[in-house]
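Below is the file run-v4.cif, which contains mmCIF, C-alpha atoms.
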```cif
data_protein
loop_
_atom_site.label_atom_id
_atom_site.label_comp_id
_atom_site.auth_asym_id
_atom_site.auth_seq_id
_atom_site.Cartn_x
_atom_site.Cartn_y
_atom_site.Cartn_z
CA MET H 109 -16.98 6.76 109.90
CA THR H 110 -13.54 6.20 108.43
CA THR H 111 -12.93 3.51 105.86
CA SER H 112 -9.90 1.29 106.06
CA GLN H 113 -8.39 2.91 102.97
CA GLU H 114 -8.92 6.41 104.35
CA ALA H 115 -7.45 5.32 107.65
CA SER H 116 -4.37 3.88 105.97
CA GLN H 117 -3.77 7.17 104.15
CA ASP H 118 -3.78 9.05 107.44
CA PRO H 119 -0.15 9.30 108.66
CA CYS H 120 -1.42 9.03 112.23
CA THR H 121 -3.04 5.66 111.63
CA THR H 122 -1.53 2.98 113.81
CA TRP H 123 -0.86 -0.52 112.55
CA ARG H 124 -0.69 -3.95 114.05
CA ARG H 125 -0.01 -7.49 112.94
CA ALA H 126 -3.14 -9.50 112.02
CA GLU H 127 -3.92 -12.21 114.53
CA HIS H 128 -3.97 -15.03 111.98
CA ILE H 129 -0.36 -14.48 110.90
CA ALA H 130 2.52 -16.57 112.20
CA TRP H 131 6.09 -15.51 111.46
CA ARG H 132 9.59 -16.88 111.75
CA PRO H 133 13.02 -15.41 110.97
CA MET H 134 14.69 -17.26 108.12
CA GLY H 135 18.14 -16.15 107.12
CA GLU H 136 17.97 -12.42 106.48
CA GLU H 137 14.26 -12.58 105.77
CA THR H 138 11.21 -12.80 107.93
CA VAL H 139 8.70 -15.32 106.65
CA LEU H 140 5.01 -14.74 107.35
CA VAL H 141 2.36 -17.42 107.08
CA ASP H 142 -1.34 -16.73 106.85
CA LEU H 143 -2.80 -19.53 108.95
CA ARG H 144 -6.19 -19.18 107.25
CA THR H 145 -5.06 -19.33 103.63
CA LYS H 146 -1.60 -20.95 104.03
CA ALA H 147 -0.14 -18.16 101.91
CA PHE H 148 3.56 -17.47 102.61
CA TYR H 149 5.25 -14.08 102.40
CA GLY H 150 8.89 -13.05 102.62
CA LEU H 151 9.92 -9.67 104.05
CA ASP H 152 13.42 -8.33 103.52
CA SER H 153 15.50 -7.55 106.57
CA LEU H 154 14.24 -3.99 107.04
CA ALA H 155 10.59 -4.90 106.49
CA GLY H 156 11.09 -7.81 108.88
CA HIS H 157 12.44 -5.42 111.50
CA LEU H 158 9.42 -3.15 111.03
CA TRP H 159 7.12 -6.14 111.34
CA HIS H 160 8.16 -6.60 114.96
CA LEU H 161 7.26 -2.97 115.68
CA LEU H 162 3.65 -3.31 114.51
CA ASP H 163 2.13 -3.37 117.96
CA GLY H 164 -0.95 -1.26 117.27
CA ARG H 165 0.66 1.87 118.69
CA SER H 166 2.99 2.90 115.89
CA SER H 167 2.11 4.95 112.82
CA SER H 168 4.13 5.06 109.63
CA VAL H 169 5.69 8.30 110.89
CA ASP H 170 6.70 6.62 114.15
CA LEU H 171 8.12 3.66 112.25
CA ALA H 172 10.08 5.95 109.92
CA ALA H 173 11.75 7.50 112.96
CA ARG H 174 12.76 4.05 114.20
CA VAL H 175 14.64 3.23 111.00
CA GLU H 176 16.30 6.59 110.50
CA LYS H 177 19.68 4.99 111.11
CA VAL H 178 19.48 2.93 107.90
CA ALA H 179 17.28 5.24 105.89
CA GLY H 180 19.32 8.34 106.63
CA ASP H 181 17.56 11.58 105.91
CA GLN H 182 15.96 10.16 102.84
CA LYS H 183 12.81 12.05 101.98
CA GLY H 184 9.57 10.20 101.79
CA ARG H 185 10.61 7.66 104.39
CA ALA H 186 7.18 7.53 105.99
CA GLU H 187 5.54 7.29 102.57
CA ALA H 188 7.70 4.33 101.60
CA ILE H 189 6.79 2.58 104.82
CA GLU H 190 3.16 3.46 104.23
CA ASP H 191 3.42 1.84 100.77
CA LEU H 192 4.66 -1.37 102.33
CA LEU H 193 1.94 -1.33 104.97
CA ASN H 194 -0.71 -0.76 102.33
CA LYS H 195 0.56 -3.78 100.40
CA LEU H 196 0.41 -5.85 103.55
CA GLU H 197 -3.04 -4.55 104.37
CA GLU H 198 -4.32 -5.54 100.91
CA ARG H 199 -3.24 -9.07 101.77
CA GLU H 200 -4.84 -8.86 105.22
CA ILE H 201 -1.47 -9.32 106.88
CA VAL H 202 -1.70 -6.09 108.87
CA VAL H 203 -4.75 -4.23 110.11
CA THR H 204 -5.56 -0.78 111.39
CA SER H 205 -8.55 -1.78 113.46
CA ALA H 206 -8.45 -2.09 117.23
CA PRO H 207 -7.34 -5.51 118.41
CA THR H 208 -9.90 -7.92 119.85
CA GLY H 209 -7.47 -8.80 122.62
CA PRO H 210 -4.06 -7.77 123.88
CA VAL H 211 -1.44 -7.48 121.14
CA PRO H 212 1.37 -9.84 122.09
CA VAL H 213 4.56 -8.07 123.02
CA VAL H 214 7.39 -9.52 120.96
CA PRO H 215 11.09 -8.85 121.30
CA VAL H 216 12.22 -6.46 118.61
CA PRO H 217 15.43 -7.61 116.98
CA GLU H 218 18.31 -5.25 116.37
CA LEU H 219 18.02 -3.21 113.21
CA PRO H 220 19.98 -5.38 110.79
CA VAL H 221 23.18 -3.84 109.55
CA GLU H 222 22.56 -5.09 106.03
CA ALA H 223 19.12 -3.47 105.92
CA CYS H 224 18.54 -1.18 102.99
CA PHE H 225 15.81 1.24 102.23
CA PRO H 226 12.99 0.99 101.23
CA PRO H 227 11.55 -2.03 103.09
CA LYS H 228 10.13 -4.62 100.76
CA LEU H 229 7.77 -7.55 100.52
CA VAL H 230 10.15 -9.65 98.43
CA TRP H 231 8.06 -12.68 97.61
CA GLU H 232 4.71 -14.29 98.17
CA GLU H 233 3.56 -17.80 97.64
CA ALA H 234 -0.07 -18.84 97.42
CA LEU H 235 -0.08 -22.52 98.25
CA LYS H 236 -2.40 -25.03 96.74
CA ALA H 237 -3.18 -28.22 98.57
CA VAL H 238 -0.77 -30.93 97.51
CA ALA H 239 -3.62 -33.43 97.53
CA GLN H 240 -5.54 -31.53 94.88
CA PRO H 241 -5.35 -32.37 91.16
CA GLY H 242 -1.90 -31.44 89.98
CA GLY H 243 -0.56 -32.08 93.46
CA SER H 244 0.67 -35.30 94.96
CA CYS H 245 -0.76 -38.31 93.17
CA GLY H 246 0.11 -40.29 96.27
CA PHE H 247 -2.43 -38.49 98.37
CA MET H 248 -5.03 -38.07 95.68
CA PRO H 249 -8.01 -40.23 96.57
CA GLY H 250 -8.70 -43.17 94.33
CA GLN H 251 -5.24 -43.86 93.05
CA GLY H 252 -5.67 -47.53 92.44
CA ASP H 253 -2.10 -48.68 92.74
CA GLN H 254 -0.85 -46.29 95.39
CA CYS H 255 0.16 -49.07 97.70
CA VAL H 256 1.25 -51.73 95.27
CA GLY H 257 3.86 -49.77 93.37
CA PHE H 258 6.91 -51.33 91.81
CA PRO H 259 9.65 -52.35 94.17
CA PHE H 260 12.83 -50.38 93.59
CA GLN H 261 15.42 -52.59 91.95
CA MET K 214 -7.19 -41.45 86.92
CA ARG K 215 -6.93 -45.07 87.85
CA GLY K 216 -9.25 -46.88 90.19
CA VAL K 217 -10.48 -50.19 91.45
CA PRO K 218 -13.69 -51.37 89.82
CA ILE K 219 -16.31 -51.82 92.47
CA SER K 220 -19.56 -53.68 92.39
CA VAL K 221 -22.36 -51.43 93.54
CA ALA K 222 -25.21 -53.93 93.32
CA THR K 223 -24.49 -56.04 96.37
CA PRO K 224 -27.28 -55.81 98.93
CA VAL K 225 -26.31 -54.57 102.37
CA ARG K 226 -26.25 -57.13 105.12
CA PRO K 227 -25.21 -56.41 108.64
CA ALA K 228 -21.75 -57.86 108.92
CA PRO K 229 -19.38 -58.22 111.82
CA LEU K 230 -16.51 -55.75 111.83
CA LEU K 231 -13.00 -57.01 111.48
CA GLY K 232 -9.97 -55.04 112.61
CA LEU K 233 -6.87 -54.27 110.63
CA ASP K 234 -3.63 -52.66 111.86
CA LEU K 235 -1.99 -50.30 109.39
CA ALA K 236 1.24 -48.31 109.38
CA PHE K 237 1.51 -45.06 107.48
CA GLY K 238 5.19 -44.50 108.04
CA PRO K 239 5.50 -43.75 111.76
CA LEU K 240 1.72 -43.41 112.25
CA HIS K 241 -0.29 -46.46 113.23
CA LEU K 242 -3.98 -46.75 112.48
CA GLU K 243 -6.57 -49.38 113.21
CA VAL K 244 -9.40 -49.78 110.73
CA SER K 245 -12.52 -51.78 111.56
CA ALA K 246 -14.84 -52.65 108.72
CA PRO K 247 -16.92 -55.48 107.26
CA GLU K 248 -14.76 -58.17 105.71
CA SER K 249 -15.96 -57.47 102.19
CA TRP K 250 -14.93 -53.83 102.50
CA LEU K 251 -11.53 -54.72 103.93
CA ALA K 252 -10.83 -57.13 101.08
CA LEU K 253 -11.29 -54.36 98.54
CA PHE K 254 -9.45 -51.86 100.73
CA LEU K 255 -6.41 -54.13 100.93
CA GLU K 256 -6.15 -54.23 97.15
CA ARG K 257 -4.83 -50.69 97.48
CA TYR K 258 -3.49 -50.56 101.01
CA GLU K 259 -1.94 -54.02 101.49
CA LYS K 260 1.49 -52.43 101.82
CA CYS K 261 0.35 -50.56 104.94
CA ARG K 262 -0.75 -53.71 106.73
CA ILE K 263 1.15 -54.75 109.83
CA GLU K 264 0.81 -57.78 112.06
CA PRO K 265 -1.77 -57.47 114.85
CA GLY K 266 -0.08 -56.70 118.14
CA SER K 267 3.01 -55.24 116.51
CA LEU K 268 2.12 -51.63 117.38
CA ASP K 269 4.60 -49.76 119.53
CA GLY K 270 3.05 -49.28 122.93
CA GLY K 271 0.15 -51.50 122.03
CA SER K 272 -2.36 -48.92 120.88
CA PRO K 273 -2.79 -47.20 117.54
CA ASP K 274 -2.50 -43.46 116.99
CA PHE K 275 -6.01 -43.40 115.56
CA ARG K 276 -8.98 -45.71 115.03
CA ILE K 277 -11.36 -45.65 112.08
CA GLU K 278 -14.62 -47.55 111.92
CA ILE K 279 -16.33 -48.08 108.59
CA GLU K 280 -20.06 -48.55 108.33
CA ILE K 281 -21.55 -49.39 104.97
CA ASN K 282 -24.79 -47.45 104.78
CA SER K 283 -25.80 -48.51 101.31
CA ALA K 284 -24.75 -51.02 98.74
CA ASP K 285 -25.66 -48.65 95.97
CA LEU K 286 -24.07 -45.43 95.01
CA PRO K 287 -26.38 -42.43 95.07
CA SER K 288 -28.04 -41.86 91.70
CA HIS K 289 -26.09 -38.65 91.10
CA ILE K 290 -22.77 -40.50 91.45
CA PRO K 291 -22.28 -42.31 88.14
CA SER K 292 -19.47 -44.58 89.26
CA ALA K 293 -17.48 -45.53 92.30
CA LEU K 294 -14.52 -43.66 90.90
CA ALA K 295 -16.58 -40.49 90.77
CA VAL K 296 -16.68 -40.56 94.57
CA VAL K 297 -13.10 -39.36 94.58
CA ARG K 298 -14.03 -36.27 92.61
CA GLU K 299 -16.89 -35.16 94.76
CA ARG K 300 -16.55 -32.05 96.82
CA VAL K 301 -16.08 -32.67 100.50
CA GLN K 302 -17.18 -30.17 103.09
CA PHE K 303 -15.19 -29.99 106.28
CA ARG K 304 -16.51 -28.46 109.47
CA ASN K 305 -14.59 -28.14 112.70
CA HIS K 306 -16.52 -28.35 115.91
CA VAL K 307 -15.60 -28.65 119.56
CA ASP K 308 -13.11 -31.52 119.90
CA GLY K 309 -13.81 -32.85 116.45
CA ALA K 310 -14.79 -32.36 112.86
CA THR K 311 -17.32 -33.53 110.30
CA LEU K 312 -16.64 -34.43 106.69
CA CYS K 313 -19.59 -34.48 104.34
CA GLY K 314 -19.51 -35.69 100.79
CA THR K 315 -22.64 -36.32 98.77
CA SER K 316 -22.12 -40.05 99.14
CA PHE K 317 -20.57 -40.33 102.57
CA ASP K 318 -20.02 -38.63 105.88
CA ALA K 319 -17.44 -39.01 108.59
CA GLU K 320 -17.15 -37.87 112.19
CA ILE K 321 -13.75 -37.24 113.74
CA ASP K 322 -13.41 -37.18 117.51
CA TRP K 323 -9.96 -35.92 118.46
CA PRO K 324 -10.04 -36.61 122.23
CA THR K 325 -10.68 -40.32 121.67
CA ARG K 326 -8.68 -40.35 118.43
CA ARG K 327 -11.43 -42.05 116.53
CA ALA K 328 -13.39 -41.50 113.36
CA SER K 329 -16.45 -43.21 112.04
CA VAL K 330 -17.18 -43.25 108.33
CA ARG K 331 -20.57 -44.01 106.83
CA SER K 332 -20.42 -44.62 103.15
CA PRO K 333 -21.67 -46.77 100.33
CA THR K 334 -19.56 -49.76 99.36
CA ALA K 335 -17.30 -47.37 97.48
CA LEU K 336 -13.91 -47.27 99.10
CA TYR K 337 -12.64 -43.81 98.50
CA ALA K 338 -14.29 -42.06 101.41
CA ILE K 339 -11.40 -43.24 103.56
CA ASP K 340 -8.94 -41.54 101.22
CA HIS K 341 -10.59 -38.22 101.95
CA LEU K 342 -10.36 -38.96 105.66
CA LEU K 343 -6.69 -39.99 105.53
CA GLU K 344 -5.82 -36.87 103.56
CA ILE K 345 -7.14 -34.83 106.48
CA ILE K 346 -6.11 -36.80 109.53
CA LEU K 347 -2.57 -37.91 108.65
CA PRO K 348 -1.07 -34.39 108.46
CA ILE K 349 -2.88 -33.42 111.68
CA LEU K 350 -1.85 -36.58 113.53
CA TRP K 351 1.79 -36.13 112.54
CA SER K 352 1.90 -32.37 113.21
CA PRO K 353 3.12 -32.63 116.83
CA HIS K 354 6.22 -34.46 115.63
CA GLY K 355 7.01 -33.24 112.15
CA LEU K 356 5.61 -32.77 108.69
CA LEU K 357 4.54 -34.76 105.67
CA LEU K 358 6.43 -33.85 102.54
CA HIS K 359 5.92 -34.49 98.85
CA ALA K 360 9.38 -35.96 98.29
CA ALA K 361 11.41 -38.98 97.35
CA ALA K 362 13.89 -40.38 99.88
CA LEU K 363 17.24 -41.80 98.74
CA VAL K 364 19.46 -43.66 101.19
CA ASP K 365 23.16 -42.82 101.14
CA ALA K 366 25.08 -45.62 102.86
CA ASP K 367 28.35 -43.65 102.88
CA ARG K 368 26.76 -40.84 104.86
CA GLN K 369 24.54 -43.16 106.89
CA GLY K 370 21.46 -41.17 106.07
CA ALA K 371 19.05 -40.23 103.30
CA TRP K 372 18.58 -37.38 100.88
CA LEU K 373 15.17 -35.82 100.36
CA ALA K 374 14.36 -34.99 96.74
CA SER K 375 11.33 -32.75 96.57
CA GLY K 376 9.40 -30.86 93.94
CA PRO K 377 6.02 -30.68 92.27
CA SER K 378 4.37 -33.58 90.49
CA GLY K 379 5.99 -34.28 87.14
CA ILE K 380 9.37 -32.78 88.08
CA GLY K 381 11.06 -36.19 88.29
CA LYS K 382 10.85 -37.61 91.81
CA SER K 383 9.86 -41.06 90.56
CA THR K 384 12.36 -40.90 87.71
CA LEU K 385 15.15 -40.02 90.12
CA ALA K 386 14.07 -42.80 92.49
CA ARG K 387 14.22 -45.33 89.64
CA LEU K 388 17.65 -44.08 88.61
CA CYS K 389 18.84 -44.49 92.21
CA GLY K 390 17.57 -48.08 92.26
CA SER K 391 17.86 -49.85 95.60
CA ARG K 392 18.87 -46.62 97.34
CA ALA K 393 15.31 -45.29 96.97
CA ILE K 394 12.89 -45.92 99.81
CA ALA K 395 10.08 -43.62 98.66
CA ASP K 396 9.28 -41.73 95.49
CA GLU K 397 6.27 -39.68 96.51
CA LEU K 398 5.55 -39.01 100.17
CA VAL K 399 7.63 -39.02 103.34
CA ALA K 400 7.15 -38.15 106.99
CA VAL K 401 9.94 -36.06 108.50
CA ASP K 402 10.44 -36.33 112.26
CA LEU K 403 11.86 -33.15 113.79
CA ARG K 404 12.21 -34.62 117.29
CA THR K 405 15.54 -36.12 116.34
CA ASP K 406 18.76 -34.36 115.47
CA PRO K 407 19.37 -34.60 112.61
CA PRO K 408 15.75 -34.97 111.48
CA THR K 409 14.61 -38.44 110.48
CA VAL K 410 12.75 -39.36 107.31
CA HIS K 411 10.21 -42.21 107.19
CA SER K 412 8.91 -43.53 103.89
CA MET K 413 5.14 -43.36 103.52
CA PRO K 414 3.31 -46.22 101.81
CA TYR K 415 2.21 -44.33 98.72
CA SER K 416 3.27 -44.87 95.13
CA ALA K 417 6.55 -46.83 95.20
CA SER K 418 8.10 -47.22 98.63
CA ARG K 419 9.39 -49.62 101.19
CA PRO K 420 9.16 -49.18 104.94
CA GLN K 421 12.38 -47.65 106.21
CA CYS K 422 13.66 -44.61 108.06
CA ALA K 423 16.96 -42.76 108.03
CA GLU K 424 18.56 -39.54 109.23
CA VAL K 425 18.18 -36.68 106.78
CA VAL K 426 21.50 -35.76 105.17
CA GLY K 427 20.28 -32.97 102.90
CA ILE K 428 17.51 -31.71 100.68
CA HIS K 429 17.41 -31.49 96.91
CA LEU K 430 14.79 -29.35 95.19
CA LEU K 431 14.45 -30.85 91.76
CA ASP K 432 14.53 -29.31 88.35
CA GLN K 433 14.82 -30.86 84.91
CA ALA K 434 17.76 -29.97 82.70
CA PRO K 435 19.74 -31.40 79.77
CA ARG K 436 22.77 -31.85 82.07
CA HIS K 437 23.18 -32.50 85.77
CA ALA K 438 24.03 -29.51 87.96
CA THR K 439 23.66 -28.49 91.57
CA ARG K 440 23.32 -25.10 93.20
CA ARG K 441 23.35 -24.41 96.93
CA LEU K 442 20.15 -22.74 98.11
CA ASP K 443 19.86 -20.22 100.90
CA GLN K 444 17.38 -20.79 103.68
CA ALA K 445 14.76 -18.35 102.45
CA GLU K 446 14.61 -19.88 98.97
CA THR K 447 14.59 -23.39 100.43
CA LEU K 448 11.69 -22.56 102.69
CA ARG K 449 9.82 -20.82 99.92
CA ARG K 450 10.12 -23.77 97.54
CA LEU K 451 9.67 -26.48 100.14
CA SER K 452 6.53 -24.86 101.55
CA ARG K 453 4.75 -25.76 98.30
CA GLU K 454 5.46 -29.44 98.89
CA VAL K 455 4.23 -29.74 102.47
CA LEU K 456 0.97 -31.52 103.13
CA TRP K 457 -0.52 -28.84 105.32
CA PRO K 458 -2.99 -29.79 108.03
CA GLU K 459 -5.07 -27.00 106.62
CA GLN K 460 -8.21 -27.64 108.64
CA ASP K 461 -6.41 -27.05 111.92
CA ALA K 462 -4.74 -23.69 112.62
CA ARG K 463 -2.80 -24.98 115.64
CA ALA K 464 -1.45 -27.93 113.68
CA THR K 465 -0.61 -25.58 110.80
CA GLU K 466 1.45 -23.36 113.07
CA ALA K 467 3.24 -26.42 114.45
CA VAL K 468 4.11 -27.47 110.90
CA VAL K 469 5.39 -23.96 110.16
CA ASP K 470 7.77 -24.49 113.09
CA HIS K 471 8.83 -27.90 111.82
CA LEU K 472 9.41 -26.56 108.33
CA THR K 473 11.59 -23.71 109.56
CA GLN K 474 13.51 -26.12 111.79
CA LEU K 475 14.05 -28.52 108.90
CA VAL K 476 15.36 -25.72 106.69
CA ARG K 477 17.66 -24.34 109.39
CA ARG K 478 19.10 -27.73 110.25
CA THR K 479 19.47 -29.22 106.79
CA PRO K 480 21.57 -28.04 103.85
CA ALA K 481 19.68 -27.74 100.58
CA TRP K 482 20.54 -27.64 96.90
CA GLN K 483 18.74 -27.25 93.65
CA LEU K 484 19.44 -30.43 91.71
CA SER K 485 18.93 -30.02 87.99
CA PHE K 486 19.15 -33.41 86.37
CA ALA K 487 18.69 -35.33 83.17
CA PRO K 488 17.32 -38.89 83.29
CA GLN K 489 20.76 -40.49 83.18
CA ALA K 490 22.24 -43.18 85.38
CA ASP K 491 25.17 -41.12 86.63
CA VAL K 492 22.94 -38.75 88.59
CA TRP K 493 23.77 -40.36 91.94
CA ARG K 494 27.13 -38.58 92.10
CA PHE K 495 25.27 -35.27 91.98
CA VAL K 496 22.73 -36.41 94.56
CA SER K 497 25.33 -37.68 97.02
CA GLN K 498 28.07 -35.09 96.48
CA PRO K 499 26.31 -31.86 95.68
CA GLU K 500 29.12 -29.77 97.18
CA SER K 501 31.78 -31.08 94.85
CA ALA K 502 29.47 -31.45 91.88
CA SER K 503 28.34 -27.82 92.00
#
```
Here is a file; write its structure as structure tokens.
Amino acid sequence: MTTSQEASQDPCTTWRRAEHIAWRPMGEETVLVDLRTKAFYGLDSLAGHLWHLLDGRSSSVDLAARVEKVAGDQKGRAEAIEDLLNKLEEREIVVTSAPTGPVPVVPVPELPVEACFPPKLVWEEALKAVAQPGGSCGFMPGQGDQCVGFPFQ
Amino acid sequence: MRGVPISVATPVRPAPLLGLDLAFGPLHLEVSAPESWLALFLERYEKCRIEPGSLDGGSPDFRIEIEINSADLPSHIPSALAVVRERVQFRNHVDGATLCGTSFDAEIDWPTRRASVRSPTALYAIDHLLEIILPILWSPHGLLLHAAALVDADRQGAWLASGPSGIGKSTLARLCGSRAIADELVAVDLRTDPPTVHSMPYSASRPQCAEVVGIHLLDQAPRHATRRLDQAETLRRLSREVLWPEQDARATEAVVDHLTQLVRRTPAWQLSFAPQADVWRFVSQPESAS
């Protein structure tokens, strides 16, 4: 039996997007949202392009070939992509296991002209509930005067 | 934490339920409860009350029925205020959900848009329920945002000023005086173009809505300054201030859509400000003040 880590070190391992991730393009970035944890992630333009290719049939070697135009003949292209995928796998954003259902086919955007190598996860944001202590006092239960506040003058 | 002192020694008597119509911004709720419960409830929620029969379309978005199951708090709850600190378990099930605290429980039935709450005389169980249902109820139309709303008559719209607790939303609202319609929570409606902001009846607010002119993400500084934000940074920072319907994945994804739409359709700035009266120029003219 192959562990997930061993599988991800195999250049033939294929990757797909986890089913609980929603994503939207936002400016040059692609923003991912984990619908279970509400964590947000930002991928740069190249990583965002690769994201759309994660259909469960592509390995890091296959993906490296798809971005040759921006990466040139840079050595270690597949390894750099593998690094990104491993980071995403640690966060349960991508998986190597077989899908439980059909992987949705998504249109793959053009490789962005501003893309630069290597692809990066540029930010991540672990959200806390606004209603929790330290969050919105408006929505925190038991705020005695929440509806009798001062009128604005 | 502040709270309303509550008597816990009153014996329970079966009491007829009285209905109350409430508006939480654009959402309309009907609460049915014994009169004694409603009297205490209105000490905190009077501002939400609307005249019976004034609901658009005649029926509320959601109905809540309160049943007092005990006059006394459970022995492990030392005070009524402690109810707000208890852990609440949430379980989704087919077409509904269950909330369980140690002192109360609630059943939500989404198809009929009703919830029943069984609790001691303590009032705060409904706060837990509202915290869950309001973001879900509003998710088909928009999102709830931790923000102040400041009306700009010249632009015929309102600015959103968002940021974490303590960053200065209430301070900015006070400095903007009669222009402020909310200093804590707003509902943003993405069905309109431009989006519309509704004040929510929490903290200081008055019922009003306006088209969204722009977004300010707040920061404190010794001098006022503005900086235009790109979409990715706006989304990143604004995502922290959304009241996520976290118990419902479908509603969460809808709110992700609303948030991205809001960011794409609305210009945003970082507004660094000092608590000084001349801040309105920076709020209302961030382009020229940058």
query: Between CA of Glu232 (chain H) and CA of Ala186 (chain H), what is the distance, to one decimal in Å?
result: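 Those two atoms sit 23.3 Å apart.
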query: So which residues touch region 440-442 of chain K within 8 Å, counting all atoms listed in the file, skipping near sequence neighbours fewer than 3 positions away, as a ChimeraX atom specification?
result: /K:446-447,480-484,499-500,503
At most 6 Å is the cut-off: for each residue in chain K with any atom that close to an atom of chain H, write down the nearest atom pair and the distance in Å rounded to one decimal, counting all atoms listed in the file, chain first then increasing number, as a Markdown table.
```
| residue | atom | partner | partner_atom | distance |
| --- | --- | --- | --- | --- |
| K:Arg215 | CA | H:Gly252 | CA | 5.4 |
| K:Gly216 | CA | H:Gly252 | CA | 4.3 |
| K:Val217 | CA | H:Gly252 | CA | 5.6 |
| K:Arg257 | CA | H:Cys255 | CA | 5.3 |
| K:Tyr258 | CA | H:Cys255 | CA | 5.1 |
| K:Lys260 | CA | H:Cys255 | CA | 5.5 |
| K:Val297 | CA | H:Pro249 | CA | 5.5 |
| K:Tyr337 | CA | H:Gly250 | CA | 5.8 |
| K:Asp340 | CA | H:Pro249 | CA | 4.9 |
| K:Ser378 | CA | H:Gly243 | CA | 5.9 |
| K:Gly390 | CA | H:Gln261 | CA | 5.0 |
| K:Ser391 | CA | H:Gln261 | CA | 5.2 |
| K:Pro414 | CA | H:Cys255 | CA | 5.9 |
| K:Tyr415 | CA | H:Gln254 | CA | 4.9 |
| K:Ser416 | CA | H:Gln254 | CA | 4.4 |
| K:Ala417 | CA | H:Gly257 | CA | 4.4 |
| K:Gln444 | CA | H:Gly135 | CA | 5.8 |
| K:Ala445 | CA | H:Met134 | CA | 5.8 |
| K:Arg453 | CA | H:Leu235 | CA | 5.8 |
| K:Leu456 | CA | H:Val238 | CA | 5.9 |
| K:Ala462 | CA | H:Leu143 | CA | 5.9 |
```
- prompt: Of the residues K:Phe303, K:Phe495, K:Phe486, K:Trp372, which is the one nearest to Glu459 (chain K), using all atoms listed in the file?
  reply: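 For Glu459 (chain K), the nearest of the given residues is K:Phe303.
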task: Using CA of Gln474 (chain K) and CA of Glu454 (chain K) as the two end points, give the distance in Å to one decimal.
output: 15.6 Å
- prompt: Looking at only C-alpha atoms, which of K:Trp351, K:Phe317, K:Trp493, K:Phe275 is the one that sits closest to Val468 (chain K)?
  reply: K:Trp351
- request: Within 10 Å of Lys228 (chain H), counting only C-alpha atoms, which residues show up once you throw out same-chain ones fewer than 2 positions away? Write them as a count of residues only, please.
  value: 18
- request: Could you please give me, as a PyMOL selection string, the residues of protein, DNA or RNA lying at most 12 Å from (1.3, 5.1, 113.1) in the coordinate frame of the file, considering only C-alpha atoms?
  value: chain H and resi 115-124+158+161-174+186-187+189-190+193+203-204
Skipping near chain neighbours, those fewer than 5 positions away, what residues fall within 12 Å of Asp461 (chain K) using all atoms listed in the file, listed as a compact mmCIF listing (two decimals) with C-alpha atoms, in the frame of the given file?
```txt
# COMPACT_ATOMS: atom_id res chain seq x y z
CA LEU H 143 -2.80 -19.53 108.95
CA ARG H 144 -6.19 -19.18 107.25
CA THR H 145 -5.06 -19.33 103.63
CA LYS H 146 -1.60 -20.95 104.03
CA PHE K 303 -15.19 -29.99 106.28
CA ARG K 304 -16.51 -28.46 109.47
CA ASN K 305 -14.59 -28.14 112.70
CA HIS K 306 -16.52 -28.35 115.91
CA ASP K 308 -13.11 -31.52 119.90
CA GLY K 309 -13.81 -32.85 116.45
CA ALA K 310 -14.79 -32.36 112.86
CA TRP K 323 -9.96 -35.92 118.46
CA ILE K 345 -7.14 -34.83 106.48
CA ILE K 346 -6.11 -36.80 109.53
CA LEU K 347 -2.57 -37.91 108.65
CA PRO K 348 -1.07 -34.39 108.46
CA ILE K 349 -2.88 -33.42 111.68
CA LEU K 350 -1.85 -36.58 113.53
CA SER K 352 1.90 -32.37 113.21
CA GLU K 466 1.45 -23.36 113.07
CA ALA K 467 3.24 -26.42 114.45
CA VAL K 468 4.11 -27.47 110.90
```
task: Extract, using all atoms listed in the file, all DNA, RNA and protein residues at most 10 Å from Ser272 (chain K), discarding same-chain residues fewer than 3 positions from it, and format them as a list in words.
output: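 Contacts, with the query itself left out: Asp234, His241, Leu242, Glu243, Gly266, Ser267, Leu268, Asp269, Phe275 and Arg276 of chain K.
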task: Step by step, work through what the PyMOL selection byres ((chain K and resi 411) around 12) selects in the shown file, and finish by giving those residues as a ChimeraX atom specification.
output: /K:236-240,351,355-358,360-364,370-373,393-403,408-410,412-415,418-425
- prompt: Any chance you could work out the residue set of the PyMOL selection byres ((chain H and resi 212) around 10) here, as number ranges by chain?
  reply: H: 125, 127, 163, 209-211, 213-215
Complete the atoms of region 249-253 of chain K to N, CA and C atoms and put them out as a JSON list (two decimals), in the coordinates of the input.
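New file rebuild-v9.json:
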```json
[["chain", "number", "residue", "atom", "x", "y", "z"],
["K", 249, "SER", "N", -15.92, -57.73, 103.63],
["K", 249, "SER", "CA", -15.96, -57.47, 102.19],
["K", 249, "SER", "C", -15.30, -56.13, 101.86],
["K", 250, "TRP", "N", -15.53, -55.15, 102.72],
["K", 250, "TRP", "CA", -14.93, -53.83, 102.50],
["K", 250, "TRP", "C", -13.41, -53.91, 102.65],
["K", 251, "LEU", "N", -12.97, -54.62, 103.69],
["K", 251, "LEU", "CA", -11.53, -54.72, 103.93],
["K", 251, "LEU", "C", -10.81, -55.41, 102.78],
["K", 252, "ALA", "N", -11.47, -56.41, 102.18],
["K", 252, "ALA", "CA", -10.83, -57.13, 101.08],
["K", 252, "ALA", "C", -10.54, -56.18, 99.93],
["K", 253, "LEU", "N", -11.51, -55.33, 99.62],
["K", 253, "LEU", "CA", -11.29, -54.36, 98.54],
["K", 253, "LEU", "C", -10.27, -53.29, 98.96]]
```
